[in-house]
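Enquirer: Got a structure for you, written out below as structure tokens; questions coming shortly.
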Amino acid sequence: MAVNERKTIDLEQGWEIMQKGIMKLKNILEGLPETGISSEEYMMLYTTIYNMCTQKPPRDYSQQLYDKYRESFEEYIMSTVLPSLREKHDEFMLRELVKRWVNHKVMVRWLSRFFYYLDRYFIARRSLPPLNEVGLTCFRDLVYQDLKVKVSNAVISLIDQGREGKQIDRALLKNTLDIFLEIGMGKMDYYENDFEAALLKDSAAYYSRKASGWISEDSCPDFMLKAEECLKREKDRVSHYLHSSSEPKLLEKVQHELWSVYASQLFGKGHSGYHALLTDHKVENLSRMVRVFSKVPIFLDPLTNILKQRVTDEGTALVKQAEDAAGSKKANKKDVGLWQQVFMRKMIELHAKYVVYVNERFQNHVIFHKALREAFEAFCNEGVGGSSIAELLATFCDNILRKGSSEKLSDEAIEETLEKVVKLLAYISDKDLFAEFYRKKLAGRLLFDKSANDDHERSMLMKLKQQCGGQFTSKMEGMVTDLMLAKENQTSFEEYLSNNPNANPGIDLTVMVLNTGFWPSYKSFDLNVPAEMVKCIKVFREFYQRKTKHRNLKWIYSLGTCNIIGNFEPKSMDLIVTTYQASALLLFNSSDRLSYSEIMTQLNLTDSDVVRLLHSLSCAKYKILNKEPNTKNIAPTDHFEFNSKFTDKMRRIKIPLPPVDEKKKVIEDVDKDRTYAIDASIVRIMKSRKVLGHQQLVMECVEQLRHMFKPDFKAIKKRIEDLITRDYLERDKDNPNLFRYLA
């Protein structure tokens with residue numbers, strides 16, 4: 001059987017067939033009357049290329065066809081595309097360009113399908129650029145390179161018109177700029193170099209002109225309003241037709257021309273700059289300024305510095321007012337605590353105000369929080385009227401939490417105030433000093449039933465625990481628990497008395513048994529209690545020893561209170577007094593007249609305590625005792641008699657002891673605790689590190705303790721020397737600044 005041989009196709013013959021198909025495609029693209037390319041025509045064109053590429057050499061025309069593929073584009077571009085583009089300008093040129101680019105891509109797609117066999121074999125074997133790339137390259141080299149400057153200028157001109165408020169065709173801009181991106185075939189070079197660079201330069205010039213006019217005409221808020229609106233529009237511009245990579249570059253240019261150049265003028269502008277806005281609390285305008293400048297990192301520092309200075313100035317002014325008030329109150333000796341309450345309330349309000357500013361108006365930016373913290377730390381660690389703010393804060397809390405508070409607040413307001421107090425505590429470096437003052441005052445509220453609300457007490461301890469850690473509140477929580485156990489113990493004692501008629505103390509007795517580890521230390525003397533009290537103490541001791549024999553009761557008479565009946569000639573009266581006062585008054589049941597020395601001897605108290613209690617009974621508001629001579633001061637030569645003529649309109653009176661300033665003792669206790677804390681920190685560090693230099697040891701010690709107090713470098717050095725003498729550490733023989741831990 002004979003085999004039909006495939007007919008050989010010459011180059012000219014084959015290309016004539018291809019040209020007919022290519023011409024038909026061009027006519028379609030140009031909008032001329034032409035029928036579409038049918039599947040039969042497509043198969044004929046594809047087969048022609050296939051046959052011409054698969055003939056045996058020298059009739060394999062693959063290379064020639066590859067060259068003619070490129071020439072087809074070049075001829076069409078030079079004869080039709082470029083002339084049509086060169087005769088148009090501005091927006092009309094852009095529309096024509098977009099149209100020609102779309103047509104060119106269609107032409108590339110169809111010709112690539114006609115010449116597909118080249119792509120599969122010839123191009124792959126020779127490592128030549130693929131057909132699609134060749135087609136796009138022709139447009140880039142012949143059209144894009146010729147018109148890129150005109151196109152870029154036309155696009156930027158339209159963008160500027162849009163900035164001026166004119167209506168522009170965003171879709172046209174988007175399609176035009178897509179050409180810059182697609183021409184790069186995956187690379188951004190053409191977009192960035194041929195368009196973006198010119199856009200950024202034009203934008204800088206445009207906004208420079210705008211800003212120079214606004215800065216002289218507008219107030220700071222108006223300027224910022226316009227600037228923020230410009231920024232928003234530039235973002236919209238990016239989202240509608242620019243590439244996303246242009247956004248940071250474009251916004252940086254806008255920010256520089258609108259804000260960076262004029263920042264100092266905006267900050268200090270007349271009655272509307274940042275200083276003025278902060279002073280007048282123009283919240284919305286402030287928020288806008290911070291919102292704007294937060295995008296310019298180098299200008300956050302000036303903004304935060306102004307905020308920091310403003311807060312520091314206001315805080316320092318409050319401290320000065322409090323100092324002046326303290327001086328006048330000392331002079332008048334009235335309402336000593338009033339200025340303290342007013343001062344702390346203003347401090348809390350100041351902090352609350354600026355916390356709202358930072359959180360809500362200043363974008364909750366961490367750098368503004370830092371500025372606020374540094375500002376408050378600057379004046380929250382100063383002394384005010386002879387007191388530390390740690391002490392004043394504890395006193396403020398005491399006034400809120402005790403019965404009969406001068407602050408008439410609802411439960412919600414109390415909780416809110418306590419929350420603000422704890423936040424303010426964060427700025428105080430001597431937190432241990434606050435803790436000791438607070439513990440002392442908490443003890444007073446608990447022991448003398450002065451606490452207004454147990455829930456508020458527990459809530460405050462929980463807030464302190466969350467802020468400062470469990471160790472900070474462990475003793476205070478122990479006190480609250482201890483008092484509950486003491487009440488249960490008192491109930492057991494009352495049941496014991498009712499079940500044991502022989503155990504009769506003779507008087508009503510309430511005893512609070514407390515753990516010394518939780519409570520502040522109190523002075524304790526072996527008071528010679530009156531016979532009336534001796535029996536009840538004995539009865540309670542017998543009861544307590546039935547429960548436990550391993551604990552030693554230590555009576556703190558200085559904290560006791562007594563209700564005694566004073567039989568005066570006008571009428572009998574109930575006197576609420578301390579145990580010391582009661583013991584002194586009961587001495588006059590057996591003596592009509594006693595000297596100072598006799599009272600001191602019989603009570604077994606110190607001079608200072610005797611002076612205090614006798615002053616309260618003979619020189620204060622209620623003169624239960626008559627004193628000779630009748631002066632306002634107690635002297636060792638004085639004599640005292642029971643004032644049987646005493647009377648008062650009330651049948652029940654409380655006779656207070658003169659207050660004792662315990663500040664000195666609290667500070668001494670804190671200093672002692674700090675000594676132990678520094679010792680423990682140094683030993684912990686050295687036990688871990690074994691060998692350490694002096695400077696590093698001091699720094700690590702400060703870092704460990706700073707959450708409670710700011711240790712003094714001299715104190716740390718002194719404790720190091722003490723630990724060396726106690727054989728915890730030793731100096732290196734060759735380097736005296738190097739220490740070793742002795743296991």
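Naming works like this for the structure tokens: A, B, ... for the chains as they're shown, residue 1 at the start of each chain, ligands 1 onward in shown order.
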Do a neighbour search on Phe588 of chain A at 12 Å with only C-alpha atoms, toss out local chain neighbours closer than 6 positions, and write the hits as a list in words.

Expert: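 Result of the neighbour search: Pro530, Gly566, Asn567, Gln581, Ala582, Leu594, Ser595, Glu598, Ile599, Gln602, Ile624, Leu625, Asn626, Phe640, Glu641, Phe642, Asn643 and Ser644 of chain A.
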
Enquirer: Can I get the selected residues back with N, CA and C atoms, as a PDB file, in the first residue's frame?

Expert:
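Dumped everything to result04.pdb:
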```
ATOM      1  N   PRO A 530      -6.199  47.642 137.500  1.00  0.00           N
ATOM      2  CA  PRO A 530      -6.992  47.656 138.738  1.00  0.00           C
ATOM      3  C   PRO A 530      -7.503  46.259 139.082  1.00  0.00           C
ATOM      4  N   GLY A 566     -19.146  57.165 135.984  1.00  0.00           N
ATOM      5  CA  GLY A 566     -18.640  58.234 136.858  1.00  0.00           C
ATOM      6  C   GLY A 566     -19.773  58.782 137.709  1.00  0.00           C
ATOM      7  N   ASN A 567     -19.665  58.603 139.020  1.00  0.00           N
ATOM      8  CA  ASN A 567     -20.710  59.088 139.937  1.00  0.00           C
ATOM      9  C   ASN A 567     -20.388  60.514 140.349  1.00  0.00           C
ATOM     10  N   GLN A 581      -6.650  55.202 130.755  1.00  0.00           N
ATOM     11  CA  GLN A 581      -7.440  56.228 131.438  1.00  0.00           C
ATOM     12  C   GLN A 581      -8.301  55.612 132.534  1.00  0.00           C
ATOM     13  N   ALA A 582      -8.885  54.453 132.225  1.00  0.00           N
ATOM     14  CA  ALA A 582      -9.724  53.783 133.223  1.00  0.00           C
ATOM     15  C   ALA A 582      -8.907  53.397 134.454  1.00  0.00           C
ATOM     16  N   LEU A 594      -3.996  62.479 144.563  1.00  0.00           N
ATOM     17  CA  LEU A 594      -2.796  61.735 144.165  1.00  0.00           C
ATOM     18  C   LEU A 594      -1.849  62.673 143.431  1.00  0.00           C
ATOM     19  N   SER A 595      -0.569  62.455 143.657  1.00  0.00           N
ATOM     20  CA  SER A 595       0.438  63.247 142.945  1.00  0.00           C
ATOM     21  C   SER A 595       0.786  62.567 141.619  1.00  0.00           C
ATOM     22  N   GLU A 598       2.887  59.509 142.220  1.00  0.00           N
ATOM     23  CA  GLU A 598       2.135  58.381 142.781  1.00  0.00           C
ATOM     24  C   GLU A 598       1.342  57.674 141.673  1.00  0.00           C
ATOM     25  N   ILE A 599       0.746  58.446 140.820  1.00  0.00           N
ATOM     26  CA  ILE A 599      -0.020  57.837 139.713  1.00  0.00           C
ATOM     27  C   ILE A 599       0.905  57.030 138.813  1.00  0.00           C
ATOM     28  N   GLN A 602       1.949  53.788 140.630  1.00  0.00           N
ATOM     29  CA  GLN A 602       0.883  52.793 140.786  1.00  0.00           C
ATOM     30  C   GLN A 602       0.474  52.171 139.441  1.00  0.00           C
ATOM     31  N   ILE A 624     -12.332  65.611 134.068  1.00  0.00           N
ATOM     32  CA  ILE A 624     -12.774  64.614 135.050  1.00  0.00           C
ATOM     33  C   ILE A 624     -11.962  64.768 136.335  1.00  0.00           C
ATOM     34  N   LEU A 625     -10.715  65.202 136.196  1.00  0.00           N
ATOM     35  CA  LEU A 625      -9.827  65.439 137.338  1.00  0.00           C
ATOM     36  C   LEU A 625      -9.524  66.925 137.450  1.00  0.00           C
ATOM     37  N   ASN A 626      -9.410  67.378 138.692  1.00  0.00           N
ATOM     38  CA  ASN A 626      -8.934  68.738 138.945  1.00  0.00           C
ATOM     39  C   ASN A 626      -7.435  68.686 139.195  1.00  0.00           C
ATOM     40  N   PHE A 640      -3.563  65.778 141.709  1.00  0.00           N
ATOM     41  CA  PHE A 640      -4.838  65.588 141.032  1.00  0.00           C
ATOM     42  C   PHE A 640      -5.899  65.106 142.015  1.00  0.00           C
ATOM     43  N   GLU A 641      -7.120  65.596 141.820  1.00  0.00           N
ATOM     44  CA  GLU A 641      -8.275  65.179 142.611  1.00  0.00           C
ATOM     45  C   GLU A 641      -9.438  64.864 141.678  1.00  0.00           C
ATOM     46  N   PHE A 642     -10.339  63.994 142.115  1.00  0.00           N
ATOM     47  CA  PHE A 642     -11.533  63.673 141.341  1.00  0.00           C
ATOM     48  C   PHE A 642     -12.469  64.871 141.340  1.00  0.00           C
ATOM     49  N   ASN A 643     -12.929  65.266 140.148  1.00  0.00           N
ATOM     50  CA  ASN A 643     -13.807  66.435 140.006  1.00  0.00           C
ATOM     51  C   ASN A 643     -15.260  65.989 140.158  1.00  0.00           C
ATOM     52  N   SER A 644     -15.748  65.981 141.383  1.00  0.00           N
ATOM     53  CA  SER A 644     -17.105  65.500 141.653  1.00  0.00           C
ATOM     54  C   SER A 644     -18.174  66.433 141.108  1.00  0.00           C
TER      55      SER A 644
END
```

Enquirer: Taking only segment 2-232 of chain A into account, list the residues labelled helix (DSSP H, G or I) by DSSP (computed from the backbone), as a ChimeraX atom specification.

Expert: /A:11-30,39-54,62-86,90-114,116-126,131-163,170-183,189-217,220-232

Enquirer: With only C-alpha atoms as the counted atoms, please give the residues lying no more than 12 Å from Phe180 of chain A, apart from itself and same-chain residues fewer than 2 positions off, as a PDB file with C-alpha atoms, in the first residue's frame.

Expert:
```pdb
ATOM      1  CA  LEU A  97      -3.579  54.216  25.057  1.00  0.00           C
ATOM      2  CA  VAL A  98      -5.826  52.065  27.232  1.00  0.00           C
ATOM      3  CA  TRP A 101      -3.166  48.241  25.166  1.00  0.00           C
ATOM      4  CA  LEU A 136       4.412  42.574  25.301  1.00  0.00           C
ATOM      5  CA  PHE A 139       4.577  47.301  22.864  1.00  0.00           C
ATOM      6  CA  ARG A 140       6.947  48.308  25.653  1.00  0.00           C
ATOM      7  CA  VAL A 143       4.918  52.485  22.403  1.00  0.00           C
ATOM      8  CA  TYR A 144       5.626  52.706  26.112  1.00  0.00           C
ATOM      9  CA  GLN A 145       9.189  54.028  25.813  1.00  0.00           C
ATOM     10  CA  LEU A 147       5.090  57.934  25.333  1.00  0.00           C
ATOM     11  CA  LYS A 148       5.887  57.212  29.001  1.00  0.00           C
ATOM     12  CA  VAL A 149       6.737  60.819  29.926  1.00  0.00           C
ATOM     13  CA  VAL A 151       1.470  59.509  29.843  1.00  0.00           C
ATOM     14  CA  SER A 152       2.945  60.077  33.312  1.00  0.00           C
ATOM     15  CA  VAL A 155      -1.971  61.027  34.735  1.00  0.00           C
ATOM     16  CA  LEU A 173      -6.426  56.343  35.738  1.00  0.00           C
ATOM     17  CA  LYS A 174      -6.615  52.827  37.149  1.00  0.00           C
ATOM     18  CA  ASN A 175      -6.444  51.246  33.671  1.00  0.00           C
ATOM     19  CA  THR A 176      -3.586  53.542  32.599  1.00  0.00           C
ATOM     20  CA  LEU A 177      -1.504  52.804  35.682  1.00  0.00           C
ATOM     21  CA  ASP A 178      -2.116  49.092  35.240  1.00  0.00           C
ATOM     22  CA  GLU A 182       1.827  44.983  33.404  1.00  0.00           C
ATOM     23  CA  ILE A 183       4.649  46.262  31.205  1.00  0.00           C
ATOM     24  CA  GLY A 184       7.068  45.268  33.972  1.00  0.00           C
ATOM     25  CA  MET A 185       5.866  41.658  33.743  1.00  0.00           C
ATOM     26  CA  GLY A 186       6.089  41.053  37.484  1.00  0.00           C
ATOM     27  CA  LYS A 187       8.562  43.829  38.318  1.00  0.00           C
ATOM     28  CA  MET A 188       7.735  47.236  39.781  1.00  0.00           C
ATOM     29  CA  ASP A 189      10.630  49.091  38.120  1.00  0.00           C
ATOM     30  CA  TYR A 190       8.619  50.765  35.335  1.00  0.00           C
ATOM     31  CA  TYR A 191       5.833  51.858  37.693  1.00  0.00           C
ATOM     32  CA  GLU A 192       8.221  53.183  40.318  1.00  0.00           C
ATOM     33  CA  ASN A 193      10.772  54.865  38.034  1.00  0.00           C
ATOM     34  CA  ASP A 194       8.572  56.195  35.235  1.00  0.00           C
ATOM     35  CA  PHE A 195       5.474  57.210  37.221  1.00  0.00           C
ATOM     36  CA  GLU A 196       5.729  56.965  41.002  1.00  0.00           C
ATOM     37  CA  LEU A 242      -2.633  53.706  42.683  1.00  0.00           C
ATOM     38  CA  HIS A 243      -0.688  50.598  43.602  1.00  0.00           C
TER      39      HIS A 243
END
```

Enquirer: Return the single residue from A:Asp324, A:Tyr357, A:Asn502, A:Lys687 that is closest to Glu542 of chain A, with distances computed using only C-alpha atoms.

Expert: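 Distance minimum relative to Glu542 of chain A lands on A:Asn502.
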
Enquirer: So that I can see what lies close to Ala715 of chain A, please list as number ranges by chain the residues with an atom at most 10 Å from it, counting only C-alpha atoms and leaving out residues fewer than 6 positions away in the same chain.

Expert: A: 674-675, 678, 721

Enquirer: Which residues in segment 277-491 of chain A does DSSP call strand (DSSP E or B)? List them as a PyMOL selection string.

Expert: chain A and resi 383-384+387-388+402+451

Enquirer: Give the answer as one residue: which of A:Tyr596, A:Phe713, A:Tyr580, A:Trp339 has the shortest atom-to-atom distance to His639 of chain A, using only C-alpha atoms?

Expert: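 Closest to His639 of chain A, using only C-alpha atoms: A:Tyr596.
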
Enquirer: Which neighbours of Met476 of chain A fall inside 10 Å, counting only C-alpha atoms, when residues of the same chain fewer than 2 positions from it are skipped, and could you give them as a compact mmCIF listing (two decimals) with N, CA and C atoms, in the first residue's frame?

Expert:
```
# COMPACT_ATOMS: atom_id res chain seq x y z
N ALA A 435 2.36 51.01 101.98
CA ALA A 435 1.83 49.76 102.55
C ALA A 435 1.83 49.81 104.07
N GLU A 436 2.90 50.34 104.66
CA GLU A 436 2.98 50.38 106.12
C GLU A 436 2.00 51.38 106.71
N TYR A 438 -0.77 52.36 105.26
CA TYR A 438 -2.11 51.81 105.02
C TYR A 438 -2.41 50.71 106.03
N ARG A 439 -1.42 49.85 106.30
CA ARG A 439 -1.63 48.75 107.25
C ARG A 439 -1.91 49.28 108.64
N LYS A 440 -1.20 50.35 109.01
CA LYS A 440 -1.40 50.95 110.32
C LYS A 440 -2.82 51.50 110.46
N LEU A 442 -5.43 50.66 108.53
CA LEU A 442 -6.36 49.54 108.43
C LEU A 442 -6.53 48.87 109.79
N ALA A 443 -5.40 48.70 110.50
CA ALA A 443 -5.45 48.11 111.85
C ALA A 443 -6.35 48.95 112.76
N GLU A 457 -13.35 47.24 102.07
CA GLU A 457 -12.01 46.89 102.59
C GLU A 457 -11.42 45.75 101.78
N ARG A 458 -12.22 44.71 101.56
CA ARG A 458 -11.72 43.56 100.81
C ARG A 458 -11.47 43.93 99.34
N LEU A 461 -8.16 45.72 99.08
CA LEU A 461 -7.03 44.79 99.20
C LEU A 461 -6.86 43.99 97.90
N GLN A 471 2.50 39.51 97.85
CA GLN A 471 3.34 39.79 99.01
C GLN A 471 3.00 41.16 99.61
N PHE A 472 2.57 42.08 98.75
CA PHE A 472 2.25 43.44 99.19
C PHE A 472 1.10 43.45 100.19
N THR A 473 0.11 42.58 99.97
CA THR A 473 -1.10 42.61 100.80
C THR A 473 -1.22 41.42 101.75
N SER A 474 -0.21 40.56 101.82
CA SER A 474 -0.34 39.33 102.61
C SER A 474 -0.65 39.62 104.08
N GLY A 478 -4.09 38.99 106.09
CA GLY A 478 -3.99 38.24 107.34
C GLY A 478 -4.71 38.94 108.48
N MET A 479 -4.65 40.28 108.51
CA MET A 479 -5.33 41.05 109.56
C MET A 479 -6.85 40.88 109.46
N VAL A 480 -7.38 40.94 108.23
CA VAL A 480 -8.83 40.80 108.04
C VAL A 480 -9.27 39.40 108.48
N THR A 481 -8.53 38.39 108.07
CA THR A 481 -8.85 37.01 108.46
C THR A 481 -8.71 36.84 109.97
N ASP A 482 -7.65 37.42 110.54
CA ASP A 482 -7.39 37.33 111.97
C ASP A 482 -8.55 37.90 112.78
N PHE A 518 0.90 39.49 111.75
CA PHE A 518 0.15 40.26 110.76
C PHE A 518 0.04 41.74 111.12
N TRP A 519 -0.05 42.03 112.38
CA TRP A 519 -0.43 43.37 112.81
C TRP A 519 0.79 44.25 113.06
N PRO A 520 0.61 45.57 112.99
CA PRO A 520 1.72 46.47 113.34
C PRO A 520 2.14 46.25 114.79
```

Enquirer: Find the residues around segment 208-215 of chain A up to 6 Å (only C-alpha atoms counted), leave out those fewer than 3 positions away in its own chain, and share them as a CSV table (one decimal) with C-alpha atoms, in the first residue's frame.

Expert:
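The resulting around.csv:
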```csv
chain,number,residue,atom,x,y,z
A,204,ALA,CA,5.4,67.3,47.5
A,205,ALA,CA,5.3,70.5,45.5
A,218,ASP,CA,-5.7,79.2,59.4
A,257,GLU,CA,5.0,68.9,53.6
A,258,LEU,CA,1.9,69.4,55.8
```

Enquirer: Looking at only C-alpha atoms, which of A:Ser219, A:Phe379, A:Asn735, A:Leu200 is the one that sits closest to Pro248 of chain A?

Expert: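 Nearest to Pro248 of chain A: A:Leu200.
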
Enquirer: Check the smallest atom-to-atom distance from each of A:Ser590, A:Thr578, A:Asn604, A:Gln19 to Leu657 of chain A using only C-alpha atoms, then report the winner.

Expert: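 Among A:Ser590, A:Thr578, A:Asn604, A:Gln19, it is A:Thr578 that comes nearest to Leu657 of chain A.
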
Enquirer: Work out how far apart atom CA of Met600 of chain A and atom CA of Lys664 of chain A are and give it in Å to one decimal.

Expert: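 Rounded to one decimal, the two atoms are 25.4 Å apart.
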
Enquirer: Can you work out which one of A:His707, A:Val529, A:Lys487, A:Val261 has the shortest atom-to-atom distance to Asp430 of chain A, counting only C-alpha atoms?

Expert: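 The closest residue to Asp430 of chain A is A:His707.
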
Enquirer: Smallest atom-to-atom distance to Ile507 of chain A: which of A:Tyr61, A:Tyr354, A:Tyr116, A:Phe540, using only C-alpha atoms?

Expert: A:Phe540

Enquirer: Work out how far apart atom CA of Val108 of chain A and atom CA of Tyr241 of chain A are and give it in Å to one decimal.

Expert: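 Separating atom CA of Val108 of chain A from atom CA of Tyr241 of chain A is a distance of 25.2 Å.
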
Enquirer: Compile the contact shell of Glu488 of chain A as a VMD selection string: residues with an atom at most 12 Å away, counting only C-alpha atoms, same-chain residues fewer than 3 positions apart removed.

Expert: chain A and resid 481 to 485 491 to 495 510 to 514

Enquirer: Could you write out the selected residues, including N, CA, C and O atoms, as an mmCIF file, in the first residue's frame?

Expert:
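Produced file result_2.cif, reproduced below:
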```
data_model
loop_
_atom_site.group_PDB
_atom_site.id
_atom_site.type_symbol
_atom_site.label_atom_id
_atom_site.label_comp_id
_atom_site.auth_asym_id
_atom_site.auth_seq_id
_atom_site.Cartn_x
_atom_site.Cartn_y
_atom_site.Cartn_z
ATOM 1 N N THR A 481 -8.526 38.393 108.072
ATOM 2 C CA THR A 481 -8.851 37.014 108.464
ATOM 3 C C THR A 481 -8.713 36.838 109.971
ATOM 4 O O THR A 481 -9.550 36.190 110.624
ATOM 5 N N ASP A 482 -7.651 37.424 110.539
ATOM 6 C CA ASP A 482 -7.386 37.334 111.970
ATOM 7 C C ASP A 482 -8.545 37.899 112.785
ATOM 8 O O ASP A 482 -8.937 37.348 113.814
ATOM 9 N N LEU A 483 -9.091 39.018 112.317
ATOM 10 C CA LEU A 483 -10.184 39.658 113.049
ATOM 11 C C LEU A 483 -11.432 38.782 113.026
ATOM 12 O O LEU A 483 -12.163 38.700 114.024
ATOM 13 N N MET A 484 -11.684 38.113 111.892
ATOM 14 C CA MET A 484 -12.832 37.197 111.820
ATOM 15 C C MET A 484 -12.663 36.053 112.820
ATOM 16 O O MET A 484 -13.610 35.672 113.516
ATOM 17 N N LEU A 485 -11.438 35.517 112.909
ATOM 18 C CA LEU A 485 -11.165 34.436 113.864
ATOM 19 C C LEU A 485 -11.307 34.938 115.295
ATOM 20 O O LEU A 485 -11.777 34.205 116.181
ATOM 21 N N THR A 491 -17.016 34.685 120.544
ATOM 22 C CA THR A 491 -18.280 33.948 120.666
ATOM 23 C C THR A 491 -18.084 32.691 121.503
ATOM 24 O O THR A 491 -18.922 32.353 122.363
ATOM 25 N N SER A 492 -16.963 31.997 121.281
ATOM 26 C CA SER A 492 -16.652 30.792 122.071
ATOM 27 C C SER A 492 -16.469 31.146 123.549
ATOM 28 O O SER A 492 -16.896 30.390 124.438
ATOM 29 N N PHE A 493 -15.856 32.314 123.802
ATOM 30 C CA PHE A 493 -15.630 32.752 125.184
ATOM 31 C C PHE A 493 -16.967 33.022 125.883
ATOM 32 O O PHE A 493 -17.170 32.643 127.047
ATOM 33 N N GLU A 494 -17.879 33.646 125.153
ATOM 34 C CA GLU A 494 -19.189 33.927 125.745
ATOM 35 C C GLU A 494 -19.949 32.637 126.029
ATOM 36 O O GLU A 494 -20.648 32.511 127.054
ATOM 37 N N GLU A 495 -19.831 31.642 125.147
ATOM 38 C CA GLU A 495 -20.461 30.341 125.394
ATOM 39 C C GLU A 495 -19.824 29.661 126.606
ATOM 40 O O GLU A 495 -20.516 29.027 127.419
ATOM 41 N N THR A 510 -14.705 41.834 126.430
ATOM 42 C CA THR A 510 -14.513 41.449 125.026
ATOM 43 C C THR A 510 -13.018 41.455 124.745
ATOM 44 O O THR A 510 -12.342 42.470 124.967
ATOM 45 N N VAL A 511 -12.503 40.321 124.254
ATOM 46 C CA VAL A 511 -11.070 40.185 123.992
ATOM 47 C C VAL A 511 -10.870 39.802 122.522
ATOM 48 O O VAL A 511 -11.564 38.925 122.013
ATOM 49 N N MET A 512 -9.947 40.483 121.865
ATOM 50 C CA MET A 512 -9.571 40.111 120.496
ATOM 51 C C MET A 512 -8.177 39.493 120.536
ATOM 52 O O MET A 512 -7.205 40.173 120.886
ATOM 53 N N VAL A 513 -8.099 38.208 120.218
ATOM 54 C CA VAL A 513 -6.812 37.508 120.180
ATOM 55 C C VAL A 513 -6.299 37.567 118.743
ATOM 56 O O VAL A 513 -6.929 37.035 117.824
ATOM 57 N N LEU A 514 -5.154 38.207 118.569
ATOM 58 C CA LEU A 514 -4.621 38.450 117.229
ATOM 59 C C LEU A 514 -3.218 37.879 117.086
ATOM 60 O O LEU A 514 -2.496 37.716 118.081
#
```
